[in-house]
>>> print(open('entry09.tsv').read())   # TSV, C-alpha atoms
chain	number	residue	atom	x	y	z
G	1	MET	CA	37.59	9.92	-4.22
G	2	LYS	CA	39.29	8.53	-1.23
G	3	ILE	CA	38.23	5.13	0.04
G	4	ILE	CA	38.08	5.05	3.85
G	5	LYS	CA	40.20	2.24	5.36
G	6	THR	CA	37.97	0.26	7.74
G	7	TYR	CA	38.73	-3.01	9.45
G	8	THR	CA	37.11	-5.17	12.11
G	9	ILE	CA	38.07	-4.09	15.63
G	10	TYR	CA	36.30	-6.22	18.21
G	11	PHE	CA	34.61	-4.36	21.04
G	12	SER	CA	35.65	-7.02	23.54
G	13	LEU	CA	39.32	-6.35	22.80
G	14	PHE	CA	38.74	-2.64	23.29
G	15	VAL	CA	37.18	-3.24	26.70
G	16	LEU	CA	40.04	-5.57	27.60
G	17	ALA	CA	42.59	-2.92	26.71
G	18	LEU	CA	40.77	-0.38	28.90
G	19	GLY	CA	40.76	-2.83	31.79
G	20	PHE	CA	44.56	-3.15	31.70
G	21	SER	CA	45.16	0.62	31.29
G	22	SER	CA	45.45	1.10	35.07
G	23	CYS	CA	48.10	-1.63	35.48
G	24	GLU	CA	51.80	-1.01	35.41
G	25	ASP	CA	52.48	-3.66	32.73
G	26	VAL	CA	51.93	-2.69	29.08
G	27	ILE	CA	49.66	-5.11	27.28
G	28	GLN	CA	50.10	-5.35	23.50
G	29	VAL	CA	46.88	-6.37	21.74
G	30	LYS	CA	47.24	-7.50	18.14
G	31	LEU	CA	44.20	-6.50	16.09
G	32	ASP	CA	42.81	-8.37	13.11
G	33	GLU	CA	43.82	-6.31	10.06
G	34	GLY	CA	41.50	-8.13	7.68
G	35	SER	CA	42.08	-9.44	4.18
G	36	LYS	CA	43.99	-7.71	1.41
G	37	LEU	CA	41.83	-5.49	-0.80
G	38	LEU	CA	42.23	-3.94	-4.24
G	39	VAL	CA	40.71	-0.46	-4.05
G	40	ILE	CA	39.60	1.00	-7.41
G	41	ASP	CA	38.72	4.70	-7.78
G	42	ALA	CA	37.45	5.05	-11.35
G	43	PHE	CA	35.34	8.16	-11.92
G	44	ILE	CA	35.69	8.97	-15.63
G	45	ASN	CA	34.10	12.10	-17.09
G	46	SER	CA	33.57	14.04	-20.32
G	47	LYS	CA	35.87	16.97	-19.43
G	48	ALA	CA	38.60	17.86	-21.93
G	49	THR	CA	41.42	16.71	-19.67
G	50	THR	CA	43.54	13.67	-18.83
G	51	GLN	CA	41.40	10.91	-17.33
G	52	GLU	CA	42.69	9.05	-14.28
G	53	ILE	CA	42.01	5.82	-12.40
G	54	VAL	CA	43.65	5.27	-9.00
G	55	LEU	CA	44.49	1.82	-7.61
G	56	SER	CA	45.66	0.98	-4.10
G	57	ASN	CA	45.72	-1.75	-1.47
G	58	ASN	CA	44.41	-1.46	2.06
G	59	ASP	CA	46.72	-0.80	4.99
G	60	SER	CA	46.67	-1.35	8.75
G	61	PHE	CA	44.00	0.80	10.43
G	62	PHE	CA	46.53	2.38	12.79
G	63	SER	CA	49.45	2.66	10.36
G	64	GLY	CA	48.99	6.42	9.93
G	65	LYS	CA	50.13	6.06	6.32
G	66	ASN	CA	48.47	6.51	2.95
G	67	SER	CA	47.17	3.35	1.30
G	68	PRO	CA	49.93	1.47	-0.59
G	69	PRO	CA	49.64	2.26	-4.34
G	70	VAL	CA	49.20	-0.53	-6.88
G	71	THR	CA	51.76	0.01	-9.63
G	72	ASN	CA	51.79	-3.32	-11.49
G	73	ALA	CA	48.26	-3.59	-12.87
G	74	GLN	CA	46.93	-3.35	-16.43
G	75	VAL	CA	43.95	-1.04	-16.83
G	76	THR	CA	41.67	-0.76	-19.87
G	77	LEU	CA	38.37	0.94	-20.60
G	78	LYS	CA	36.21	-0.52	-23.36
G	79	ASP	CA	33.43	1.25	-25.20
G	80	VAL	CA	31.23	-1.84	-25.50
G	81	THR	CA	28.86	-0.14	-27.93
G	82	LEU	CA	31.69	0.63	-30.40
G	83	ASN	CA	33.88	-2.34	-29.41
G	84	LYS	CA	36.78	0.05	-28.89
G	85	THR	CA	39.36	-0.20	-26.10
G	86	PHE	CA	41.39	2.55	-24.40
G	87	THR	CA	44.52	1.73	-22.37
G	88	PHE	CA	45.37	3.61	-19.16
G	89	ASN	CA	49.10	3.66	-18.40
G	90	HIS	CA	50.65	3.92	-14.95
G	91	THR	CA	52.35	7.26	-14.27
G	92	ASN	CA	53.13	7.33	-10.55
G	93	ASN	CA	51.76	6.45	-7.11
G	94	GLY	CA	49.08	4.06	-8.39
G	95	ARG	CA	47.68	6.55	-10.89
G	96	TYR	CA	46.76	5.21	-14.33
G	97	GLN	CA	46.09	7.88	-16.93
G	98	LEU	CA	44.69	8.36	-20.42
G	99	PRO	CA	45.74	11.69	-22.02
G	100	TYR	CA	43.01	13.79	-23.59
G	101	ASN	CA	42.77	13.38	-27.36
G	102	PRO	CA	40.37	15.84	-29.05
G	103	ALA	CA	40.45	13.79	-32.25
G	104	ASP	CA	39.29	10.59	-30.50
G	105	SER	CA	36.28	11.08	-28.24
G	106	LEU	CA	36.26	8.84	-25.19
G	107	THR	CA	32.69	9.52	-24.03
G	108	ARG	CA	29.55	9.02	-26.10
G	109	LEU	CA	25.98	9.46	-24.90
G	110	ASN	CA	24.18	6.25	-23.87
G	111	HIS	CA	27.19	4.06	-24.68
G	112	VAL	CA	28.03	1.24	-22.28
G	113	TYR	CA	31.59	1.08	-20.91
G	114	GLU	CA	33.47	-1.78	-19.29
G	115	LEU	CA	36.41	-1.27	-16.93
G	116	SER	CA	38.98	-4.08	-16.69
G	117	VAL	CA	41.78	-4.18	-14.11
G	118	SER	CA	44.24	-7.07	-14.41
G	119	TYR	CA	46.07	-7.58	-11.13
G	120	GLU	CA	48.09	-10.54	-9.81
G	121	GLY	CA	46.64	-12.94	-12.35
G	122	GLN	CA	43.01	-11.88	-11.86
G	123	VAL	CA	40.77	-9.54	-13.88
G	124	TYR	CA	38.37	-7.27	-12.00
G	125	LYS	CA	35.54	-5.76	-14.03
G	126	SER	CA	32.73	-3.23	-13.82
G	127	THR	CA	30.30	-1.56	-16.24
G	128	SER	CA	28.74	1.90	-16.46
G	129	THR	CA	26.56	3.79	-18.94
G	130	PHE	CA	27.41	7.35	-20.02
G	131	LYS	CA	24.17	9.23	-19.33
G	132	ARG	CA	22.88	12.74	-19.97
G	133	THR	CA	23.39	15.58	-17.53
G	134	ALA	CA	21.39	18.69	-16.65
G	135	ALA	CA	21.64	22.09	-18.33
G	136	ILE	CA	23.16	24.95	-16.31
G	137	ASP	CA	21.56	28.33	-16.97
G	138	SER	CA	23.81	30.43	-14.74
G	139	VAL	CA	25.51	30.82	-11.36
G	140	GLY	CA	23.99	33.50	-9.15
G	141	VAL	CA	25.67	35.51	-6.38
G	142	ASN	CA	24.23	36.89	-3.13
G	143	PHE	CA	26.11	39.44	-1.01
G	144	ASP	CA	25.70	38.89	2.73
G	145	SER	CA	26.56	42.08	4.61
G	146	ASP	CA	25.35	41.07	8.08
G	147	GLY	CA	25.88	37.29	8.16
G	148	SER	CA	22.18	36.50	8.00
G	149	LEU	CA	22.51	34.02	5.11
G	150	GLY	CA	25.08	31.76	6.74
G	151	GLY	CA	23.78	31.44	10.29
G	152	PRO	CA	24.60	32.92	13.71
G	153	THR	CA	28.38	32.50	13.48
G	154	ALA	CA	28.71	33.28	9.76
G	155	PRO	CA	31.15	35.96	8.59
G	156	LYS	CA	29.93	39.31	7.33
G	157	ASN	CA	30.52	41.04	4.00
G	158	VAL	CA	30.93	37.79	2.06
G	159	TYR	CA	29.28	36.27	-1.01
G	160	TYR	CA	27.37	33.02	-1.52
G	161	CYS	CA	26.84	31.35	-4.88
G	162	TYR	CA	23.78	29.43	-6.01
G	163	LEU	CA	22.92	27.35	-9.06
G	164	TYR	CA	20.32	27.90	-11.76
G	165	ALA	CA	19.97	24.58	-13.61
G	166	LYS	CA	17.26	22.61	-15.36
G	167	ASP	CA	16.55	18.92	-15.25
G	168	LYS	CA	15.25	17.04	-18.28
G	169	VAL	CA	11.49	16.67	-17.90
G	170	ASP	CA	10.35	13.19	-18.93
G	171	ALA	CA	9.62	9.77	-17.47
G	172	ASN	CA	13.31	9.07	-16.75
G	173	THR	CA	14.79	9.74	-13.32
G	174	ASP	CA	18.17	11.47	-13.43
G	175	TYR	CA	20.84	11.40	-10.72
G	176	TYR	CA	23.47	14.11	-10.32
G	177	TRP	CA	26.59	14.90	-8.30
G	178	ILE	CA	27.15	18.67	-8.05
G	179	LYS	CA	30.82	19.62	-7.54
G	180	THR	CA	31.99	23.11	-6.66
G	181	SER	CA	35.33	24.88	-6.33
G	182	ARG	CA	36.59	28.31	-5.29
G	183	ASN	CA	39.45	29.48	-7.48
G	184	ASP	CA	41.67	26.36	-7.70
G	185	THR	CA	40.37	24.72	-4.52
G	186	ALA	CA	37.75	21.98	-4.85
G	187	PHE	CA	35.27	21.52	-2.02
G	188	ASN	CA	35.74	17.81	-1.40
G	189	LYS	CA	34.90	17.20	2.25
G	190	ALA	CA	32.11	14.76	3.11
G	191	GLU	CA	29.71	17.63	3.84
G	192	ASP	CA	30.45	19.08	0.38
G	193	ILE	CA	29.07	16.03	-1.47
G	194	ASN	CA	25.98	17.55	-3.07
G	195	LEU	CA	23.65	14.98	-4.65
G	196	ALA	CA	20.38	15.49	-6.50
G	197	VAL	CA	17.57	13.39	-7.95
G	198	ASP	CA	15.89	15.21	-10.85
G	199	GLY	CA	17.23	18.45	-9.38
G	200	THR	CA	15.80	17.83	-5.89
G	201	ASN	CA	17.15	16.49	-2.62
G	202	GLY	CA	15.32	13.17	-2.74
G	203	ALA	CA	13.45	10.62	-4.78
G	204	VAL	CA	10.97	11.99	-7.33
G	205	THR	CA	7.92	10.13	-8.55
G	206	GLN	CA	8.47	8.96	-12.09
G	207	GLY	CA	7.17	11.49	-14.61
G	208	LEU	CA	7.05	14.35	-12.10
G	209	ASP	CA	10.52	15.76	-12.68
G	210	SER	CA	11.64	19.12	-11.33
G	211	LEU	CA	12.19	21.60	-14.14
G	212	THR	CA	14.43	23.91	-12.09
G	213	PHE	CA	16.91	22.73	-9.45
G	214	THR	CA	15.56	23.35	-5.95
G	215	PRO	CA	17.33	23.73	-2.57
G	216	PRO	CA	19.50	22.34	-1.14
G	217	PRO	CA	21.23	21.23	-4.39
G	218	ALA	CA	20.74	24.73	-5.82
G	219	PHE	CA	22.62	26.32	-2.92
G	220	ILE	CA	26.04	24.88	-3.98
G	221	GLY	CA	26.88	24.34	-0.33
G	222	PHE	CA	27.50	27.15	2.14
G	223	GLU	CA	31.08	28.02	1.30
G	224	VAL	CA	31.85	31.73	1.36
G	225	TYR	CA	33.41	33.73	-1.46
G	226	ARG	CA	35.16	37.08	-1.62
G	227	ARG	CA	34.91	39.61	-4.40
G	228	PHE	CA	36.70	38.49	-7.59
G	229	ASP	CA	36.88	34.86	-6.46
G	230	VAL	CA	36.07	32.35	-9.20
G	231	CYS	CA	33.17	29.99	-8.52
G	232	ARG	CA	33.20	26.87	-10.69
G	233	VAL	CA	30.20	24.51	-10.69
G	234	GLU	CA	29.97	21.12	-12.39
G	235	ILE	CA	26.97	18.79	-12.64
G	236	HIS	CA	28.12	15.18	-13.11
G	237	SER	CA	25.65	12.55	-14.27
G	238	ILE	CA	25.75	9.42	-12.13
G	239	SER	CA	23.83	6.16	-12.04
G	240	LYS	CA	21.20	5.38	-9.43
G	241	GLU	CA	23.61	2.83	-7.94
G	242	CYS	CA	26.37	5.45	-7.71
G	243	TYR	CA	23.93	7.83	-6.03
G	244	LEU	CA	23.14	5.18	-3.41
G	245	PHE	CA	26.86	4.42	-2.98
G	246	LEU	CA	27.71	8.08	-2.33
G	247	THR	CA	24.73	8.50	-0.01
G	248	GLN	CA	25.85	5.49	2.01
G	249	ALA	CA	29.49	6.63	2.04
G	250	VAL	CA	28.52	10.06	3.43
G	251	ALA	CA	26.33	8.42	6.08
G	252	GLN	CA	29.20	6.17	7.19
G	253	ILE	CA	31.69	9.06	7.30
G	254	ASN	CA	29.32	11.08	9.48
G	255	ASN	CA	28.27	8.08	11.58
G	256	GLY	CA	29.25	9.03	15.12
G	257	GLY	CA	28.08	10.43	18.42
G	258	LEU	CA	25.60	9.09	20.94
G	259	PHE	CA	23.14	7.78	18.36
G	260	ALA	CA	25.63	6.25	15.91
G	261	THR	CA	24.43	3.17	14.05
G	262	THR	CA	26.33	-0.06	13.50
G	263	PRO	CA	28.97	0.44	10.75
G	264	GLU	CA	28.31	-1.42	7.50
G	265	ASN	CA	30.29	-2.28	4.40
G	266	VAL	CA	30.01	0.44	1.75
G	267	LYS	CA	28.62	-0.73	-1.59
G	268	THR	CA	30.88	-1.48	-4.57
G	269	ASN	CA	30.22	-2.19	-8.25
G	270	ILE	CA	33.61	-3.86	-8.78
G	271	LEU	CA	33.20	-7.56	-9.64
G	272	THR	CA	35.79	-9.81	-7.99
G	273	PRO	CA	36.75	-12.93	-10.02
G	274	SER	CA	35.58	-16.23	-8.59
G	275	GLY	CA	38.28	-17.82	-6.44
G	276	SER	CA	40.35	-14.65	-6.11
G	277	LYS	CA	42.08	-14.20	-2.73
G	278	ILE	CA	42.00	-10.41	-3.12
G	279	LYS	CA	38.60	-8.70	-3.07
G	280	GLY	CA	38.02	-5.69	-5.31
G	281	VAL	CA	36.19	-2.69	-3.85
G	282	GLY	CA	35.54	0.89	-4.96
G	283	TRP	CA	33.41	2.37	-7.72
G	284	PHE	CA	33.35	2.93	-11.48
G	285	ASN	CA	31.18	5.64	-13.05
G	286	MET	CA	31.03	7.40	-16.42
G	287	ALA	CA	29.94	11.03	-15.94
G	288	ASN	CA	28.63	13.54	-18.45
G	289	VAL	CA	29.63	16.97	-17.10
G	290	ALA	CA	27.97	20.38	-17.48
G	291	THR	CA	30.16	23.30	-16.32
G	292	ARG	CA	29.65	26.96	-15.56
G	293	VAL	CA	32.17	29.49	-14.17
G	294	ARG	CA	31.30	32.79	-12.49
G	295	VAL	CA	33.59	35.54	-11.22
G	296	VAL	CA	32.12	36.87	-7.98
G	297	ASP	CA	31.33	40.59	-8.17
>>> encode(input="entry09.tsv", output="structure tokens")
Amino acid sequence: MKIIKTYTIYFSLFVLALGFSSCEDVIQVKLDEGSKLLVIDAFINSKATTQEIVLSNNDSFFSGKNSPPVTNAQVTLKDVTLNKTFTFNHTNNGRYQLPYNPADSLTRLNHVYELSVSYEGQVYKSTSTFKRTAAIDSVGVNFDSDGSLGGPTAPKNVYYCYLYAKDKVDANTDYYWIKTSRNDTAFNKAEDINLAVDGTNGAVTQGLDSLTFTPPPAFIGFEVYRRFDVCRVEIHSISKECYLFLTQAVAQINNGGLFATTPENVKTNILTPSGSKIKGVGWFNMANVATRVRVVD
């Protein structure tokens, strides 16, 4: 997940710059770039693949560059329930990885995990519980010959995929992040973030779970497919706090236009050590993943 680089830009300075725009002299206004941040992107999952945590620092808002990678940290993940620690080693560009080991399971249901990042003499921590996910029955396909499924400007003679999945029916509320890809391309724009609560698009009263996923989560977005494309769908279990974090992040990304609201700091579950000059931001989540693949035909 990318963390959006936001800094305080005072409106008064913006107005001042506009006022001088009609003059012949060029006025250089130095903006406040804010404090240094440690950005932690730690979404660990149960997939049989190398797990990765990405660390970076913030950069100037107008630099036009990618965030500077953090290459000198020590990263560990502890299964608190088993008292077992896994070490993530730096590979390149701020990426810390743990190779998949089929003989040594990293994820265990209902176990509590603690992330520790040691950086410049300080240890940043966060915890997450590995929770259950939903069961995927199948991925369906609809052929749209006249563009009626996708709206007035939608292409014709294309396919749309939809999800048949079941939520666990009990007194527990479950939160999901549905991820989709076409062939080898993941749909990862802000509008592609597909979240569900008990298989629905909103809060569900405790004990009244949805047995079958309902729209819009069941629609898997509105991306189009061609014949013989591969549709891959994953349901990631997330915590309630992670659900709120992603909901807020999407709202901030799409916050614009005439009726835009005042920007706000996006939530984080990274704990910054007391007295540290560098604040830790980002998110840590342990996800149980259900996967289904369908060739479009």
>>> closest_residue(input="entry09.tsv", among="G:Val141, G:Leu195, G:Ala249, G:Ala287", to="Arg226 of chain G", atoms="only C-alpha atoms")
G:Val141
>>> atom_distance(input="entry09.tsv", atom1="atom CA of Ala134 of chain G", atom2="atom CA of Asp184 of chain G")
23.5 Å
>>> closest_residue(input="entry09.tsv", among="G:Asn92, G:Thr81, G:Gln74, G:Gln51", to="His111 of chain G", atoms="only C-alpha atoms")
G:Thr81
>>> closest_atom_pairs(input="entry09.tsv", of="segment 128-244 of chain G", to="segment 104-110 of chain G", cutoff="12 Å", atoms="all atoms listed in the file", output="JSON lines")
{"residue": "G:Ser128", "atom": "CA", "partner": "G:Asn110", "partner_atom": "CA", "distance": 9.7}
{"residue": "G:Thr129", "atom": "CA", "partner": "G:Asn110", "partner_atom": "CA", "distance": 6.0}
{"residue": "G:Phe130", "atom": "CA", "partner": "G:Asn110", "partner_atom": "CA", "distance": 5.1}
{"residue": "G:Lys131", "atom": "CA", "partner": "G:Asn110", "partner_atom": "CA", "distance": 5.4}
{"residue": "G:Arg132", "atom": "CA", "partner": "G:Leu109", "partner_atom": "CA", "distance": 6.7}
{"residue": "G:Thr133", "atom": "CA", "partner": "G:Leu109", "partner_atom": "CA", "distance": 9.9}
{"residue": "G:Ser237", "atom": "CA", "partner": "G:Leu109", "partner_atom": "CA", "distance": 11.1}
{"residue": "G:Ser239", "atom": "CA", "partner": "G:Asn110", "partner_atom": "CA", "distance": 11.8}
>>> residues_around(input="entry09.tsv", residues="Val230 of chain G", least_positions_apart="4", cutoff="12 Å", atoms="only C-alpha atoms", output="list in words")
Val139, Val141, Tyr159, Tyr160, Cys161, Thr180, Ser181, Arg182, Asn183, Asp184, Thr185, Ala186, Val224, Tyr225, Arg226, Arg292, Val293, Arg294, Val295, Val296 and Asp297 of chain G
>>> residues_around(input="entry09.tsv", residues="Glu234 of chain G", least_positions_apart="5", cutoff="6 Å", atoms="all atoms listed in the file", output="NGL selection string")
:G and (178-179 or 290-291)
>>> atom_distance(input="entry09.tsv", atom1="atom CA of Lys240 of chain G", atom2="atom CA of Tyr175 of chain G")
6.2 Å
>>> closest_atom_pairs(input="entry09.tsv", of="segment 98-209 of chain G", to="segment 215-222 of chain G", cutoff="10 Å", atoms="all atoms listed in the file", output="CSV")
residue,atom,partner,partner_atom,distance
G:Val139,CA,G:Ile220,CA,9.5
G:Gly140,CA,G:Phe219,CA,9.6
G:Leu149,CA,G:Phe222,CA,9.0
G:Gly150,CA,G:Phe222,CA,6.9
G:Gly151,CA,G:Phe222,CA,9.9
G:Ala154,CA,G:Phe222,CA,9.9
G:Tyr159,CA,G:Phe222,CA,9.8
G:Tyr160,CA,G:Phe222,CA,6.9
G:Cys161,CA,G:Ile220,CA,6.6
G:Tyr162,CA,G:Phe219,CA,4.5
G:Leu163,CA,G:Ala218,CA,4.7
G:Tyr164,CA,G:Ala218,CA,6.7
G:Ala165,CA,G:Ala218,CA,7.8
G:Tyr176,CA,G:Pro217,CA,9.5
G:Trp177,CA,G:Pro217,CA,9.2
G:Ile178,CA,G:Pro217,CA,7.4
G:Lys179,CA,G:Ile220,CA,7.9
G:Thr180,CA,G:Ile220,CA,6.8
G:Ser181,CA,G:Ile220,CA,9.6
G:Phe187,CA,G:Gly221,CA,9.0
G:Glu191,CA,G:Gly221,CA,8.4
G:Asp192,CA,G:Gly221,CA,6.4
G:Ile193,CA,G:Gly221,CA,8.7
G:Asn194,CA,G:Pro217,CA,6.2
G:Leu195,CA,G:Pro217,CA,6.7
G:Ala196,CA,G:Pro217,CA,6.2
G:Val197,CA,G:Pro217,CA,9.4
G:Gly199,CA,G:Pro217,CA,7.0
G:Thr200,CA,G:Pro217,CA,6.6
G:Asn201,CA,G:Pro216,CA,6.5
>>> axis_aligned_box(input="entry09.tsv", around="segment 93-97 of chain G", padding_each_side="8 Å", output="JSON")
{"center_x": 48.9, "center_y": 6.0, "center_z": -12.0, "size_x": 21.7, "size_y": 19.8, "size_z": 25.8}
>>> closest_residue(input="entry09.tsv", among="G:Ala48, G:Cys242, G:Ala135, G:Leu38", to="Tyr100 of chain G", atoms="all atoms listed in the file")
G:Ala48
>>> residues_around(input="entry09.tsv", residues="segment 271-274 of chain G", least_positions_apart="2", cutoff="8 Å", atoms="all atoms listed in the file", output="count of residues only")
10
>>> closest_residue(input="entry09.tsv", among="G:Ile270, G:Leu244, G:Val70, G:Val289", to="Leu115 of chain G", atoms="all atoms listed in the file")
G:Ile270
>>> atom_distance(input="entry09.tsv", atom1="atom CA of Leu37 of chain G", atom2="atom CA of Gly282 of chain G")
9.9 Å
>>> residues_near_point(input="entry09.tsv", point="(39.0, 1.1, -19.4)", cutoff="7 Å", atoms="all atoms listed in the file", output="PyMOL selection string")
chain G and resi 75-78+85-88+114-116
>>> write_last_selection(input="entry09.tsv", atoms="C-alpha atoms", output="PDB file, in the frame of the given file")
ATOM      1  CA  VAL G  75      43.950  -1.040 -16.830  1.00  0.00           C
ATOM      2  CA  THR G  76      41.670  -0.760 -19.870  1.00  0.00           C
ATOM      3  CA  LEU G  77      38.370   0.940 -20.600  1.00  0.00           C
ATOM      4  CA  LYS G  78      36.210  -0.520 -23.360  1.00  0.00           C
ATOM      5  CA  THR G  85      39.360  -0.200 -26.100  1.00  0.00           C
ATOM      6  CA  PHE G  86      41.390   2.550 -24.400  1.00  0.00           C
ATOM      7  CA  THR G  87      44.520   1.730 -22.370  1.00  0.00           C
ATOM      8  CA  PHE G  88      45.370   3.610 -19.160  1.00  0.00           C
ATOM      9  CA  GLU G 114      33.470  -1.780 -19.290  1.00  0.00           C
ATOM     10  CA  LEU G 115      36.410  -1.270 -16.930  1.00  0.00           C
ATOM     11  CA  SER G 116      38.980  -4.080 -16.690  1.00  0.00           C
TER      12      SER G 116
END
>>> decode(input="entry09.tsv", residues="segment 209-225 of chain G", atoms="N, CA and C atoms", output="PDB file, in the first residue's frame")
ATOM      1  N   ASP G 209     -25.671 -11.569  10.736  1.00  0.00           N
ATOM      2  CA  ASP G 209     -24.700 -11.625   9.643  1.00  0.00           C
ATOM      3  C   ASP G 209     -25.366 -11.945   8.312  1.00  0.00           C
ATOM      4  N   SER G 210     -24.667 -11.565   7.236  1.00  0.00           N
ATOM      5  CA  SER G 210     -25.135 -11.910   5.891  1.00  0.00           C
ATOM      6  C   SER G 210     -24.516 -13.238   5.486  1.00  0.00           C
ATOM      7  N   LEU G 211     -25.345 -14.205   5.133  1.00  0.00           N
ATOM      8  CA  LEU G 211     -24.825 -15.514   4.752  1.00  0.00           C
ATOM      9  C   LEU G 211     -24.081 -15.441   3.430  1.00  0.00           C
ATOM     10  N   THR G 212     -24.651 -14.767   2.442  1.00  0.00           N
ATOM     11  CA  THR G 212     -24.040 -14.646   1.127  1.00  0.00           C
ATOM     12  C   THR G 212     -23.634 -13.195   0.886  1.00  0.00           C
ATOM     13  N   PHE G 213     -22.458 -12.983   0.312  1.00  0.00           N
ATOM     14  CA  PHE G 213     -21.995 -11.622   0.026  1.00  0.00           C
ATOM     15  C   PHE G 213     -22.995 -10.923  -0.889  1.00  0.00           C
ATOM     16  N   THR G 214     -23.281  -9.670  -0.571  1.00  0.00           N
ATOM     17  CA  THR G 214     -24.242  -8.887  -1.340  1.00  0.00           C
ATOM     18  C   THR G 214     -23.529  -7.729  -2.040  1.00  0.00           C
ATOM     19  N   PRO G 215     -24.159  -7.115  -3.056  1.00  0.00           N
ATOM     20  CA  PRO G 215     -23.540  -5.965  -3.730  1.00  0.00           C
ATOM     21  C   PRO G 215     -23.407  -4.787  -2.756  1.00  0.00           C
ATOM     22  N   PRO G 216     -22.396  -3.909  -2.958  1.00  0.00           N
ATOM     23  CA  PRO G 216     -21.421  -3.949  -4.045  1.00  0.00           C
ATOM     24  C   PRO G 216     -20.210  -4.855  -3.838  1.00  0.00           C
ATOM     25  N   PRO G 217     -19.907  -5.363  -2.636  1.00  0.00           N
ATOM     26  CA  PRO G 217     -18.719  -6.226  -2.538  1.00  0.00           C
ATOM     27  C   PRO G 217     -18.747  -7.417  -3.495  1.00  0.00           C
ATOM     28  N   ALA G 218     -19.921  -7.959  -3.773  1.00  0.00           N
ATOM     29  CA  ALA G 218     -20.021  -9.130  -4.638  1.00  0.00           C
ATOM     30  C   ALA G 218     -19.730  -8.821  -6.100  1.00  0.00           C
ATOM     31  N   PHE G 219     -19.715  -7.543  -6.467  1.00  0.00           N
ATOM     32  CA  PHE G 219     -19.519  -7.186  -7.872  1.00  0.00           C
ATOM     33  C   PHE G 219     -18.054  -7.248  -8.302  1.00  0.00           C
ATOM     34  N   ILE G 220     -17.104  -7.274  -7.358  1.00  0.00           N
ATOM     35  CA  ILE G 220     -15.667  -7.280  -7.661  1.00  0.00           C
ATOM     36  C   ILE G 220     -15.299  -6.087  -8.547  1.00  0.00           C
ATOM     37  N   GLY G 221     -15.860  -4.934  -8.236  1.00  0.00           N
ATOM     38  CA  GLY G 221     -15.568  -3.751  -9.022  1.00  0.00           C
ATOM     39  C   GLY G 221     -16.283  -3.786 -10.364  1.00  0.00           C
ATOM     40  N   PHE G 222     -15.920  -2.876 -11.246  1.00  0.00           N
ATOM     41  CA  PHE G 222     -16.528  -2.816 -12.567  1.00  0.00           C
ATOM     42  C   PHE G 222     -15.469  -2.867 -13.660  1.00  0.00           C
ATOM     43  N   GLU G 223     -14.396  -3.587 -13.398  1.00  0.00           N
ATOM     44  CA  GLU G 223     -13.361  -3.772 -14.407  1.00  0.00           C
ATOM     45  C   GLU G 223     -13.860  -4.758 -15.465  1.00  0.00           C
ATOM     46  N   VAL G 224     -13.476  -4.527 -16.700  1.00  0.00           N
ATOM     47  CA  VAL G 224     -13.935  -5.391 -17.790  1.00  0.00           C
ATOM     48  C   VAL G 224     -12.896  -6.466 -18.084  1.00  0.00           C
ATOM     49  N   TYR G 225     -13.380  -7.594 -18.555  1.00  0.00           N
ATOM     50  CA  TYR G 225     -12.542  -8.726 -18.932  1.00  0.00           C
ATOM     51  C   TYR G 225     -12.853  -9.135 -20.366  1.00  0.00           C
TER      52      TYR G 225
END
